[in-house]
>>> print(open('run-v5.txt').read())   # compact mmCIF, C-alpha atoms
# COMPACT_ATOMS: atom_id res chain seq x y z
CA MET A 1 -130.12 29.31 1.73
CA LYS A 2 -133.27 28.52 3.74
CA LYS A 3 -131.27 28.30 6.98
CA THR A 4 -129.68 31.69 6.29
CA LEU A 5 -133.06 33.25 5.50
CA ILE A 6 -134.67 31.90 8.68
CA THR A 7 -131.73 33.10 10.80
CA THR A 8 -131.87 36.57 9.21
CA ILE A 9 -135.64 36.90 9.74
CA GLY A 10 -135.26 35.85 13.38
CA ALA A 11 -132.50 38.37 14.00
CA LEU A 12 -134.51 41.18 12.38
CA SER A 13 -137.59 40.29 14.45
CA MET A 14 -135.63 40.37 17.71
CA ALA A 15 -134.05 43.69 16.74
CA THR A 16 -137.49 45.18 16.09
CA LEU A 17 -138.85 43.96 19.43
CA THR A 18 -135.96 45.26 21.52
CA SER A 19 -134.80 48.40 19.67
CA HIS A 20 -137.17 50.69 21.57
CA ALA A 21 -136.99 48.93 24.95
CA VAL A 22 -134.80 50.43 27.67
CA ILE A 23 -134.30 48.65 30.97
CA LEU A 24 -133.89 51.28 33.69
CA ILE A 25 -133.61 48.99 36.75
CA ASP A 26 -132.93 45.24 36.79
CA GLU A 27 -132.67 44.07 40.40
CA ASN A 28 -133.22 40.56 41.76
CA PHE A 29 -131.53 41.49 45.08
CA ASP A 30 -129.49 38.26 44.99
CA THR A 31 -126.10 40.02 45.08
CA ILE A 32 -127.04 42.34 47.96
CA PRO A 33 -125.76 41.06 51.34
CA ASP A 34 -128.30 40.33 54.05
CA GLY A 35 -129.13 43.46 56.01
CA ASP A 36 -130.09 47.04 55.24
CA LEU A 37 -131.18 47.51 51.60
CA THR A 38 -129.77 51.04 51.50
CA ALA A 39 -126.30 49.69 52.20
CA ASP A 40 -126.37 48.96 48.46
CA ALA A 41 -125.43 52.03 46.42
CA SER A 42 -128.41 51.59 44.08
CA TRP A 43 -130.90 52.36 46.88
CA ALA A 44 -131.25 55.40 49.15
CA ALA A 45 -133.72 56.37 51.86
CA TYR A 46 -135.66 59.56 51.15
CA SER A 47 -137.90 59.39 54.23
CA GLY A 48 -137.65 57.64 57.58
CA ALA A 49 -134.10 56.44 56.99
CA ASP A 50 -134.16 54.01 59.92
CA GLN A 51 -132.68 51.07 57.97
CA SER A 52 -135.80 48.95 58.51
CA ILE A 53 -136.15 47.74 54.92
CA ASP A 54 -133.82 44.77 54.70
CA VAL A 55 -132.69 42.06 52.31
CA SER A 56 -132.68 38.43 53.41
CA SER A 57 -131.51 35.65 51.08
CA GLY A 58 -132.16 37.78 48.01
CA VAL A 59 -135.65 38.95 49.04
CA VAL A 60 -136.67 42.38 50.35
CA ILE A 61 -138.31 42.07 53.76
CA GLY A 62 -139.49 44.43 56.50
CA LEU A 63 -142.10 45.96 54.21
CA GLY A 64 -144.81 46.51 56.76
CA SER A 65 -143.10 47.84 59.85
CA ASP A 66 -141.43 51.11 60.84
CA ALA A 67 -141.47 54.02 58.39
CA GLU A 68 -138.60 53.95 55.91
CA ASP A 69 -139.12 54.84 52.25
CA VAL A 70 -136.37 53.97 49.74
CA GLU A 71 -135.79 54.75 46.07
CA SER A 72 -133.66 53.68 43.14
CA ILE A 73 -133.27 56.45 40.57
CA PHE A 74 -132.99 56.51 36.78
CA ALA A 75 -132.82 59.14 34.03
CA ASP A 76 -135.95 61.24 33.40
CA THR A 77 -138.45 59.10 31.47
CA SER A 78 -142.04 59.86 30.49
CA VAL A 79 -143.40 56.32 29.90
CA VAL A 80 -142.36 53.70 32.47
CA TYR A 81 -143.40 50.19 33.50
CA PHE A 82 -142.32 48.15 36.50
CA GLY A 83 -142.72 44.47 37.30
CA ILE A 84 -142.17 43.07 40.79
CA ASP A 85 -142.92 39.80 42.58
CA ILE A 86 -144.64 40.32 45.93
CA ASN A 87 -146.03 38.09 48.65
CA VAL A 88 -148.38 39.49 51.31
CA SER A 89 -148.43 37.49 54.55
CA ASP A 90 -150.62 39.81 56.63
CA ASP A 91 -152.72 42.64 55.25
CA ALA A 92 -154.14 46.03 56.19
CA SER A 93 -156.47 48.67 54.77
CA SER A 94 -155.60 50.56 51.61
CA ASP A 95 -152.35 52.50 51.39
CA TYR A 96 -149.73 53.13 48.72
CA VAL A 97 -146.62 51.03 49.18
CA MET A 98 -144.60 51.43 45.97
CA GLY A 99 -144.48 53.43 42.78
CA PHE A 100 -142.55 55.97 40.77
CA ARG A 101 -140.74 59.11 41.86
CA ASP A 102 -140.94 62.48 40.14
CA GLY A 103 -137.89 64.30 41.43
CA SER A 104 -138.55 64.74 45.16
CA ALA A 105 -142.22 63.66 45.05
CA ASN A 106 -144.06 60.33 44.96
CA ALA A 107 -145.87 59.81 41.68
CA GLY A 108 -147.52 56.82 40.06
CA ARG A 109 -148.72 55.49 43.43
CA PHE A 110 -149.64 51.81 43.78
CA PHE A 111 -151.80 50.65 46.68
CA LEU A 112 -152.45 47.35 48.43
CA ALA A 113 -155.68 46.72 50.35
CA GLY A 114 -156.75 43.53 52.13
CA ASP A 115 -159.87 42.02 53.66
CA GLY A 116 -158.10 39.34 55.70
CA ALA A 117 -158.02 36.81 52.86
CA ASN A 118 -157.49 38.60 49.55
CA ILE A 119 -155.54 41.62 48.31
CA THR A 120 -156.57 44.17 45.70
CA VAL A 121 -154.36 46.71 43.92
CA GLY A 122 -155.17 50.41 43.70
CA VAL A 123 -153.61 53.22 41.67
CA ASN A 124 -153.28 57.00 41.68
CA SER A 125 -150.81 59.61 40.47
CA GLY A 126 -149.80 63.04 41.68
CA GLY A 127 -152.19 65.86 42.47
CA SER A 128 -155.02 66.38 44.94
CA GLY A 129 -156.24 63.27 46.72
CA SER A 130 -153.37 61.11 45.51
CA SER A 131 -152.74 59.62 48.96
CA SER A 132 -155.93 57.58 48.45
CA ALA A 133 -156.50 55.15 45.61
CA GLY A 134 -158.30 56.74 42.69
CA ALA A 135 -159.38 53.31 41.44
CA THR A 136 -159.06 49.76 42.77
CA SER A 137 -158.90 46.46 40.91
CA ALA A 138 -161.86 44.08 40.83
CA ALA A 139 -159.32 41.27 40.56
CA SER A 140 -157.49 40.14 43.69
CA PHE A 141 -154.93 37.63 44.90
CA ALA A 142 -154.69 35.50 48.03
CA LEU A 143 -152.52 36.02 51.09
CA ASN A 144 -149.27 34.02 51.18
CA THR A 145 -149.22 33.74 47.40
CA THR A 146 -146.42 35.13 45.26
CA VAL A 147 -147.79 37.23 42.38
CA ARG A 148 -146.26 39.54 39.82
CA ILE A 149 -147.55 43.09 39.94
CA VAL A 150 -146.95 45.22 36.86
CA GLY A 151 -147.43 48.97 36.99
CA PHE A 152 -147.43 51.76 34.41
CA ALA A 153 -147.28 55.55 34.47
CA ASP A 154 -146.96 57.90 31.51
CA GLY A 155 -145.90 61.12 33.22
CA THR A 156 -149.19 62.83 32.34
CA GLY A 157 -151.29 61.32 35.12
CA THR A 158 -152.42 57.98 33.69
CA VAL A 159 -151.53 55.07 35.98
CA SER A 160 -152.38 51.38 35.47
CA ALA A 161 -151.68 48.07 37.17
CA TRP A 162 -151.91 44.38 36.32
CA ILE A 163 -151.97 41.29 38.58
CA ASN A 164 -150.08 38.33 37.08
CA PRO A 165 -150.38 39.56 33.47
CA GLY A 166 -149.44 37.54 30.42
CA ALA A 167 -147.41 38.82 27.49
CA GLY A 168 -150.57 39.70 25.54
CA ASP A 169 -152.30 41.65 28.32
CA SER A 170 -150.77 45.09 27.83
CA ALA A 171 -154.06 46.63 26.62
CA THR A 172 -156.17 45.18 29.44
CA PRO A 173 -154.92 46.37 32.85
CA ASP A 174 -156.77 45.26 35.98
CA VAL A 175 -157.10 48.88 37.09
CA THR A 176 -156.37 52.30 35.58
CA PHE A 177 -156.86 55.92 36.65
CA SER A 178 -155.99 59.40 35.35
CA ASN A 179 -155.24 62.36 37.58
CA ALA A 180 -152.97 65.41 37.48
CA ASP A 181 -149.90 65.76 35.29
CA VAL A 182 -146.90 64.50 37.29
CA GLY A 183 -144.11 65.14 34.75
CA ASP A 184 -141.24 62.86 33.82
CA LEU A 185 -140.49 60.00 36.21
CA THR A 186 -137.09 59.68 37.83
CA GLY A 187 -137.09 56.60 40.07
CA PHE A 188 -138.89 53.67 41.67
CA TYR A 189 -139.68 53.48 45.40
CA LEU A 190 -140.71 51.01 48.10
CA ARG A 191 -142.64 52.54 50.99
CA GLN A 192 -143.58 51.62 54.56
CA GLY A 193 -146.47 53.97 55.10
CA GLY A 194 -149.78 54.61 56.79
CA SER A 195 -151.88 51.56 57.59
CA TRP A 196 -149.13 49.24 56.34
CA ASP A 197 -146.65 50.81 58.74
CA ASN A 198 -146.06 49.95 62.39
CA GLY A 199 -148.59 47.13 62.37
CA SER A 200 -148.87 43.43 61.66
CA ALA A 201 -149.20 43.92 57.88
CA ALA A 202 -146.20 42.47 56.07
CA TRP A 203 -145.10 41.77 52.51
CA THR A 204 -141.95 40.88 50.61
CA ALA A 205 -140.60 41.96 47.23
CA ASP A 206 -138.32 40.37 44.65
CA ASN A 207 -137.30 40.40 40.97
CA LEU A 208 -137.82 44.07 40.19
CA ILE A 209 -137.56 45.28 36.60
CA VAL A 210 -138.28 48.86 35.52
CA ALA A 211 -138.34 49.49 31.77
CA THR A 212 -139.92 51.53 28.99
CA THR A 213 -141.99 48.65 27.54
CA PHE A 214 -144.55 46.24 28.95
CA ALA A 215 -142.80 43.23 27.40
CA GLU A 216 -139.61 43.84 29.37
CA VAL A 217 -141.28 43.61 32.79
CA VAL A 218 -143.56 40.61 32.18
CA PRO A 219 -141.77 37.28 32.59
CA VAL A 220 -141.51 35.14 29.47
CA PRO A 221 -142.98 31.71 30.30
CA GLU A 222 -140.76 28.66 30.00
CA PRO A 223 -141.44 26.82 26.72
CA SER A 224 -143.72 23.82 27.19
CA SER A 225 -142.59 20.34 26.23
CA SER A 226 -145.07 20.35 23.34
CA ALA A 227 -143.68 23.64 22.05
CA LEU A 228 -140.13 22.27 22.21
CA LEU A 229 -141.26 19.14 20.38
CA GLY A 230 -142.82 21.31 17.68
CA LEU A 231 -139.60 23.28 17.21
CA SER A 232 -137.63 20.03 17.02
CA SER A 233 -139.99 18.66 14.37
CA LEU A 234 -139.70 21.86 12.34
CA ALA A 235 -135.92 21.69 12.44
CA MET A 236 -135.97 18.07 11.22
CA LEU A 237 -138.38 18.97 8.39
CA LEU A 238 -136.13 21.80 7.21
CA ARG A 239 -133.12 19.47 7.19
CA ARG A 240 -134.95 16.94 5.03
CA LYS A 241 -135.98 19.58 2.49
CA ARG A 242 -132.47 20.94 2.00
>>> encode(input="run-v5.txt", output="structure tokens")
Amino acid sequence: MKKTLITTIGALSMATLTSHAVILIDENFDTIPDGDLTADASWAAYSGADQSIDVSSGVVIGLGSDAEDVESIFADTSVVYFGIDINVSDDASSDYVMGFRDGSANAGRFFLAGDGANITVGVNSGGSGSSSAGATSAASFALNTTVRIVGFADGTGTVSAWINPGAGDSATPDVTFSNADVGDLTGFYLRQGGSWDNGSAAWTADNLIVATTFAEVVPVPEPSSSALLGLSSLAMLLRRKR
């Protein structure tokens, strides 16, 4: 009876956690052949279109040269999160390099800015002045270090970003900003633009998830050996009490 009760409670808990989560894009790029990213049907160029954003061994490269902007679209959604692993090998001054699309416009803009050693993340949405960061994170990360960037936009102009967040960090973004109403969001984009275009600045991208909840885009850490030992001990205790 106890085993059945525990199993039932676990199933109900998982159902509650996932019932409202929708994954819109789940792309680790591993199944895309080396070469032009837009050769894959999930991605299309909306500006530049010079096939300069490539995939190599399951990682998106070429993000810092030429001037191609590519998008992957999804159904209209008002509250969206993305999570993506990036590594910046050579930086530049602030410019937006990824974000959400609102039909034919860039919305939910996410910026990178470097000082030669560390990178900060900036945010803005649609509306006047959106080509510059409305706010920039105090937190930063080092060059040549893979980090997970999580971004959020709600379709009404509030945009937030996290650097390497944990599962409990949804209420404490590293940077947030509110601007003009941008409407429902329709896609995610990667951009080679401005100061990060046609220069030495370079970065890579991997393991993209776009979803309607924070939990879906933040990686779940591997269980520690002590946690596994605790679960094993609990299982043994339940067996003895039956």
>>> closest_atom_pairs(input="run-v5.txt", of="region 122-182 of chain A", to="region 85-96 of chain A", cutoff="6 Å", atoms="only C-alpha atoms", output="CSV")
residue,atom,partner,partner_atom,distance
A:Leu143,CA,A:Val88,CA,5.4
A:Asn144,CA,A:Ser89,CA,4.9
A:Thr145,CA,A:Asn87,CA,5.5
A:Thr146,CA,A:Asn87,CA,4.5
A:Val147,CA,A:Asp85,CA,5.5
A:Arg148,CA,A:Asp85,CA,4.3
>>> atom_distance(input="run-v5.txt", atom1="CA of Gly127 (chain A)", atom2="CA of Ile209 (chain A)")
25.9 Å
>>> residues_near_point(input="run-v5.txt", point="(-154.1, 42.7, 37.0)", cutoff="7 Å", atoms="all atoms listed in the file", output="list in words")
Ala139, Ala161, Trp162, Ile163, Asn164, Pro165, Pro173, Asp174 and Val175 of chain A
>>> residues_around(input="run-v5.txt", residues="Val60 (chain A)", least_positions_apart="6", cutoff="7 Å", atoms="all atoms listed in the file", output="list in words")
Asp54, Thr204, Ala205 and Asp206 of chain A
>>> atom_distance(input="run-v5.txt", atom1="CA of Glu27 (chain A)", atom2="CA of Val150 (chain A)")
14.8 Å
>>> axis_aligned_box(input="run-v5.txt", around="region 27-42 of chain A", padding_each_side="5 Å", output="AutoDock Vina command-line options")
--center_x -129.3 --center_y 45.1 --center_z 48.2 --size_x 17.8 --size_y 23.8 --size_z 25.6
>>> closest_residue(input="run-v5.txt", among="A:Asp102, A:Asp30, A:Asp197, A:Asp115", to="Asp66 (chain A)", atoms="only C-alpha atoms")
A:Asp197
>>> atom_distance(input="run-v5.txt", atom1="CA of Asn207 (chain A)", atom2="CA of Val55 (chain A)")
12.4 Å
>>> build_atoms(input="run-v5.txt", residues="region 186-197 of chain A", atoms="all heavy atoms", output="mmCIF file, in the coordinates of the input")
data_model
loop_
_atom_site.group_PDB
_atom_site.id
_atom_site.type_symbol
_atom_site.label_atom_id
_atom_site.label_comp_id
_atom_site.auth_asym_id
_atom_site.auth_seq_id
_atom_site.Cartn_x
_atom_site.Cartn_y
_atom_site.Cartn_z
ATOM 1 N N THR A 186 -138.536 59.690 37.588
ATOM 2 C CA THR A 186 -137.090 59.680 37.830
ATOM 3 C C THR A 186 -136.619 58.535 38.721
ATOM 4 O O THR A 186 -135.428 58.435 38.996
ATOM 5 C CB THR A 186 -136.655 60.997 38.498
ATOM 6 O OG1 THR A 186 -137.333 61.125 39.771
ATOM 7 C CG2 THR A 186 -136.998 62.188 37.626
ATOM 8 N N GLY A 187 -137.530 57.684 39.199
ATOM 9 C CA GLY A 187 -137.090 56.600 40.070
ATOM 10 C C GLY A 187 -138.258 55.708 40.465
ATOM 11 O O GLY A 187 -139.425 56.004 40.182
ATOM 12 N N PHE A 188 -137.906 54.605 41.127
ATOM 13 C CA PHE A 188 -138.890 53.670 41.670
ATOM 14 C C PHE A 188 -138.693 53.614 43.182
ATOM 15 O O PHE A 188 -137.559 53.641 43.668
ATOM 16 C CB PHE A 188 -138.709 52.283 41.070
ATOM 17 C CG PHE A 188 -139.624 51.239 41.654
ATOM 18 C CD1 PHE A 188 -140.909 51.080 41.153
ATOM 19 C CD2 PHE A 188 -139.214 50.429 42.712
ATOM 20 C CE1 PHE A 188 -141.768 50.127 41.691
ATOM 21 C CE2 PHE A 188 -140.065 49.475 43.257
ATOM 22 C CZ PHE A 188 -141.348 49.324 42.749
ATOM 23 N N TYR A 189 -139.811 53.510 43.948
ATOM 24 C CA TYR A 189 -139.680 53.480 45.400
ATOM 25 C C TYR A 189 -140.454 52.334 46.025
ATOM 26 O O TYR A 189 -141.431 51.826 45.472
ATOM 27 C CB TYR A 189 -140.134 54.808 46.022
ATOM 28 C CG TYR A 189 -141.622 55.093 45.917
ATOM 29 C CD1 TYR A 189 -142.523 54.623 46.871
ATOM 30 C CD2 TYR A 189 -142.121 55.859 44.865
ATOM 31 C CE1 TYR A 189 -143.884 54.899 46.782
ATOM 32 C CE2 TYR A 189 -143.475 56.139 44.767
ATOM 33 C CZ TYR A 189 -144.355 55.651 45.722
ATOM 34 O OH TYR A 189 -145.702 55.915 45.623
ATOM 35 N N LEU A 190 -140.005 51.925 47.200
ATOM 36 C CA LEU A 190 -140.710 51.010 48.100
ATOM 37 C C LEU A 190 -140.996 51.794 49.370
ATOM 38 O O LEU A 190 -140.113 52.487 49.888
ATOM 39 C CB LEU A 190 -139.854 49.782 48.412
ATOM 40 C CG LEU A 190 -139.542 48.864 47.233
ATOM 41 C CD1 LEU A 190 -138.475 47.842 47.630
ATOM 42 C CD2 LEU A 190 -140.797 48.148 46.749
ATOM 43 N N ARG A 191 -142.217 51.656 49.897
ATOM 44 C CA ARG A 191 -142.640 52.540 50.990
ATOM 45 C C ARG A 191 -143.288 51.751 52.132
ATOM 46 O O ARG A 191 -144.113 50.871 51.913
ATOM 47 C CB ARG A 191 -143.654 53.564 50.439
ATOM 48 C CG ARG A 191 -144.248 54.495 51.481
ATOM 49 C CD ARG A 191 -145.165 55.519 50.809
ATOM 50 N NE ARG A 191 -145.678 56.483 51.773
ATOM 51 C CZ ARG A 191 -146.893 56.436 52.319
ATOM 52 N NH1 ARG A 191 -147.736 55.467 51.995
ATOM 53 N NH2 ARG A 191 -147.259 57.355 53.184
ATOM 54 N N GLN A 192 -142.903 52.092 53.350
ATOM 55 C CA GLN A 192 -143.580 51.620 54.560
ATOM 56 C C GLN A 192 -144.437 52.790 55.056
ATOM 57 O O GLN A 192 -143.931 53.680 55.715
ATOM 58 C CB GLN A 192 -142.571 51.253 55.643
ATOM 59 C CG GLN A 192 -141.599 50.141 55.267
ATOM 60 C CD GLN A 192 -140.538 49.976 56.335
ATOM 61 O OE1 GLN A 192 -139.972 50.949 56.825
ATOM 62 N NE2 GLN A 192 -140.232 48.752 56.710
ATOM 63 N N GLY A 193 -145.713 52.784 54.738
ATOM 64 C CA GLY A 193 -146.470 53.970 55.100
ATOM 65 C C GLY A 193 -147.873 53.690 55.589
ATOM 66 O O GLY A 193 -148.476 52.670 55.272
ATOM 67 N N GLY A 194 -148.391 54.626 56.370
ATOM 68 C CA GLY A 194 -149.780 54.610 56.790
ATOM 69 C C GLY A 194 -150.213 53.324 57.451
ATOM 70 O O GLY A 194 -149.584 52.831 58.385
ATOM 71 N N SER A 195 -151.308 52.748 56.944
ATOM 72 C CA SER A 195 -151.880 51.560 57.590
ATOM 73 C C SER A 195 -151.008 50.327 57.425
ATOM 74 O O SER A 195 -151.197 49.342 58.136
ATOM 75 C CB SER A 195 -153.274 51.289 57.008
ATOM 76 O OG SER A 195 -153.202 51.082 55.617
ATOM 77 N N TRP A 196 -150.047 50.369 56.489
ATOM 78 C CA TRP A 196 -149.130 49.240 56.340
ATOM 79 C C TRP A 196 -147.845 49.463 57.127
ATOM 80 O O TRP A 196 -146.870 48.734 56.985
ATOM 81 C CB TRP A 196 -148.807 49.014 54.851
ATOM 82 C CG TRP A 196 -149.971 48.435 54.113
ATOM 83 C CD1 TRP A 196 -151.127 49.075 53.760
ATOM 84 C CD2 TRP A 196 -150.113 47.095 53.657
ATOM 85 N NE1 TRP A 196 -151.974 48.219 53.119
ATOM 86 C CE2 TRP A 196 -151.381 46.993 53.032
ATOM 87 C CE3 TRP A 196 -149.304 45.961 53.716
ATOM 88 C CZ2 TRP A 196 -151.851 45.809 52.462
ATOM 89 C CZ3 TRP A 196 -149.772 44.793 53.146
ATOM 90 C CH2 TRP A 196 -151.024 44.717 52.526
ATOM 91 N N ASP A 197 -147.824 50.461 57.954
ATOM 92 C CA ASP A 197 -146.650 50.810 58.740
ATOM 93 C C ASP A 197 -146.952 50.596 60.237
ATOM 94 O O ASP A 197 -148.045 50.867 60.712
ATOM 95 C CB ASP A 197 -146.302 52.284 58.490
ATOM 96 C CG ASP A 197 -145.303 52.820 59.487
ATOM 97 O OD1 ASP A 197 -144.401 52.065 59.862
ATOM 98 O OD2 ASP A 197 -145.438 53.983 59.888
#
